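Trainee: Dropping a structure here in structure tokens format, bear with me for questions.
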Amino acid sequence: MEDEDQGHKLVLWNDDVNTFDFVIASLIEICKHTLEQAEQCTILVHYKGKCTVKTGSLELLEPMHEKLISRGLTSEIVF
């Protein structure tokens, strides 16, 4: 049961609206990424269409997901 709780993924999807700088700043603030992590995730989102930006429990990821959505970013929690 505990493994399932840690098995959730927060996935960020690419869009044609938000800038690299905005996405990077959002990942740093919301997901507590380092600058390097945020840049790498943003590049992956741009070129691959999506990227897992955080893993963990549902309780950890839900607030991050809501904050990303409130900024106009597209994310989902995958089980």
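Residues are referred to by chain and number: the chain letter is A, B, ... according to the order shown in the structure tokens, the number counts from 1 in that chain, and ligands are numbered separately from 1 in the order shown.
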Where does DSSP see helix (DSSP H, G or I) in chain A, if you list the residues as a PyMOL selection string?
Mentor: chain A and resi 2-6+20-31+35-48+58-70
Trainee: Once you have the residues from the selection above, write them out as a short mmCIF file (atom, residue, chain, number, x, y, z; two decimals), in the first residue's frame, restricted to N, CA and C atoms.
Mentor:
```
data_model
loop_
_atom_site.label_atom_id
_atom_site.label_comp_id
_atom_site.auth_asym_id
_atom_site.auth_seq_id
_atom_site.Cartn_x
_atom_site.Cartn_y
_atom_site.Cartn_z
N GLU A 2 1.93 1.25 0.76
CA GLU A 2 2.80 2.43 0.83
C GLU A 2 3.47 2.70 -0.51
N ASP A 3 3.87 1.63 -1.23
CA ASP A 3 4.48 1.81 -2.54
C ASP A 3 3.52 2.50 -3.50
N GLU A 4 2.24 2.13 -3.41
CA GLU A 4 1.25 2.77 -4.28
C GLU A 4 1.14 4.26 -3.99
N ASP A 5 1.23 4.64 -2.71
CA ASP A 5 1.14 6.05 -2.35
C ASP A 5 2.28 6.85 -2.94
N GLN A 6 3.44 6.23 -3.05
CA GLN A 6 4.61 6.93 -3.59
C GLN A 6 4.67 6.83 -5.12
N PHE A 20 9.10 29.60 -21.91
CA PHE A 20 10.06 28.79 -21.16
C PHE A 20 10.30 29.41 -19.79
N ASP A 21 10.53 30.71 -19.75
CA ASP A 21 10.84 31.38 -18.48
C ASP A 21 9.70 31.24 -17.48
N PHE A 22 8.47 31.35 -17.95
CA PHE A 22 7.32 31.22 -17.06
C PHE A 22 7.21 29.80 -16.51
N VAL A 23 7.40 28.81 -17.36
CA VAL A 23 7.32 27.41 -16.92
C VAL A 23 8.45 27.11 -15.93
N ILE A 24 9.64 27.57 -16.22
CA ILE A 24 10.79 27.35 -15.33
C ILE A 24 10.51 27.97 -13.96
N ALA A 25 10.07 29.22 -13.95
CA ALA A 25 9.78 29.90 -12.69
C ALA A 25 8.68 29.18 -11.91
N SER A 26 7.68 28.67 -12.61
CA SER A 26 6.58 27.94 -11.96
C SER A 26 7.08 26.64 -11.32
N LEU A 27 7.93 25.92 -12.02
CA LEU A 27 8.46 24.66 -11.48
C LEU A 27 9.35 24.92 -10.26
N ILE A 28 10.10 25.99 -10.30
CA ILE A 28 10.95 26.33 -9.15
C ILE A 28 10.08 26.68 -7.94
N GLU A 29 9.09 27.51 -8.16
CA GLU A 29 8.25 27.96 -7.05
C GLU A 29 7.31 26.87 -6.52
N ILE A 30 6.64 26.18 -7.42
CA ILE A 30 5.60 25.23 -7.02
C ILE A 30 6.16 23.85 -6.68
N CYS A 31 7.06 23.35 -7.51
CA CYS A 31 7.58 21.98 -7.32
C CYS A 31 8.92 21.95 -6.59
N LEU A 35 17.09 25.38 -10.44
CA LEU A 35 17.04 25.99 -11.78
C LEU A 35 17.36 24.95 -12.84
N GLU A 36 18.36 24.13 -12.60
CA GLU A 36 18.76 23.12 -13.57
C GLU A 36 17.65 22.09 -13.81
N GLN A 37 17.02 21.62 -12.74
CA GLN A 37 15.90 20.66 -12.87
C GLN A 37 14.76 21.28 -13.67
N ALA A 38 14.41 22.51 -13.35
CA ALA A 38 13.31 23.18 -14.03
C ALA A 38 13.61 23.38 -15.51
N GLU A 39 14.84 23.75 -15.83
CA GLU A 39 15.22 23.93 -17.23
C GLU A 39 15.15 22.61 -17.99
N GLN A 40 15.66 21.53 -17.38
CA GLN A 40 15.64 20.23 -18.04
C GLN A 40 14.22 19.74 -18.27
N CYS A 41 13.36 19.89 -17.27
CA CYS A 41 11.97 19.48 -17.42
C CYS A 41 11.26 20.29 -18.51
N THR A 42 11.54 21.58 -18.55
CA THR A 42 10.91 22.45 -19.55
C THR A 42 11.33 22.06 -20.95
N ILE A 43 12.58 21.74 -21.12
CA ILE A 43 13.08 21.29 -22.44
C ILE A 43 12.42 19.97 -22.83
N LEU A 44 12.33 19.04 -21.88
CA LEU A 44 11.66 17.76 -22.17
C LEU A 44 10.20 17.96 -22.53
N VAL A 45 9.51 18.83 -21.81
CA VAL A 45 8.11 19.12 -22.11
C VAL A 45 7.99 19.67 -23.53
N HIS A 46 8.88 20.57 -23.89
CA HIS A 46 8.83 21.21 -25.21
C HIS A 46 9.06 20.20 -26.33
N TYR A 47 10.06 19.35 -26.18
CA TYR A 47 10.43 18.44 -27.27
C TYR A 47 9.71 17.10 -27.24
N LYS A 48 9.32 16.62 -26.07
CA LYS A 48 8.66 15.31 -25.96
C LYS A 48 7.15 15.43 -25.78
N LEU A 58 -0.19 11.24 -3.31
CA LEU A 58 -1.27 12.06 -3.83
C LEU A 58 -1.41 13.35 -3.02
N GLU A 59 -1.22 13.25 -1.71
CA GLU A 59 -1.33 14.41 -0.83
C GLU A 59 -0.26 15.46 -1.15
N LEU A 60 0.90 15.01 -1.56
CA LEU A 60 1.99 15.93 -1.95
C LEU A 60 1.71 16.57 -3.31
N LEU A 61 1.23 15.77 -4.25
CA LEU A 61 1.12 16.22 -5.63
C LEU A 61 -0.13 17.05 -5.92
N GLU A 62 -1.25 16.78 -5.24
CA GLU A 62 -2.49 17.49 -5.54
C GLU A 62 -2.38 19.00 -5.44
N PRO A 63 -1.79 19.55 -4.35
CA PRO A 63 -1.67 21.01 -4.28
C PRO A 63 -0.78 21.58 -5.39
N MET A 64 0.27 20.85 -5.76
CA MET A 64 1.14 21.31 -6.85
C MET A 64 0.38 21.32 -8.17
N HIS A 65 -0.38 20.27 -8.41
CA HIS A 65 -1.20 20.16 -9.62
C HIS A 65 -2.18 21.34 -9.71
N GLU A 66 -2.85 21.64 -8.61
CA GLU A 66 -3.82 22.74 -8.59
C GLU A 66 -3.13 24.09 -8.86
N LYS A 67 -1.96 24.29 -8.30
CA LYS A 67 -1.23 25.55 -8.51
C LYS A 67 -0.76 25.68 -9.95
N LEU A 68 -0.29 24.57 -10.54
CA LEU A 68 0.12 24.62 -11.95
C LEU A 68 -1.06 24.96 -12.84
N ILE A 69 -2.20 24.34 -12.59
CA ILE A 69 -3.40 24.62 -13.38
C ILE A 69 -3.85 26.07 -13.20
N SER A 70 -3.76 26.58 -11.98
CA SER A 70 -4.19 27.95 -11.74
C SER A 70 -3.33 28.96 -12.48
#
```
Trainee: If you count only C-alpha atoms, which residues fall within 7 Å of His8 (chain A), apart from same-chain ones fewer than 6 positions away, as a list in words?
Mentor: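 Counting only the stated atoms, we get Thr55, Gly56, Ser57, Leu58, Ile77, Val78 and Phe79 of chain A.
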Trainee: Could you please determine the separation between CA of Gly49 (chain A) and CA of Ser75 (chain A) in Å, to one decimal place?
Mentor: 11.5 Å
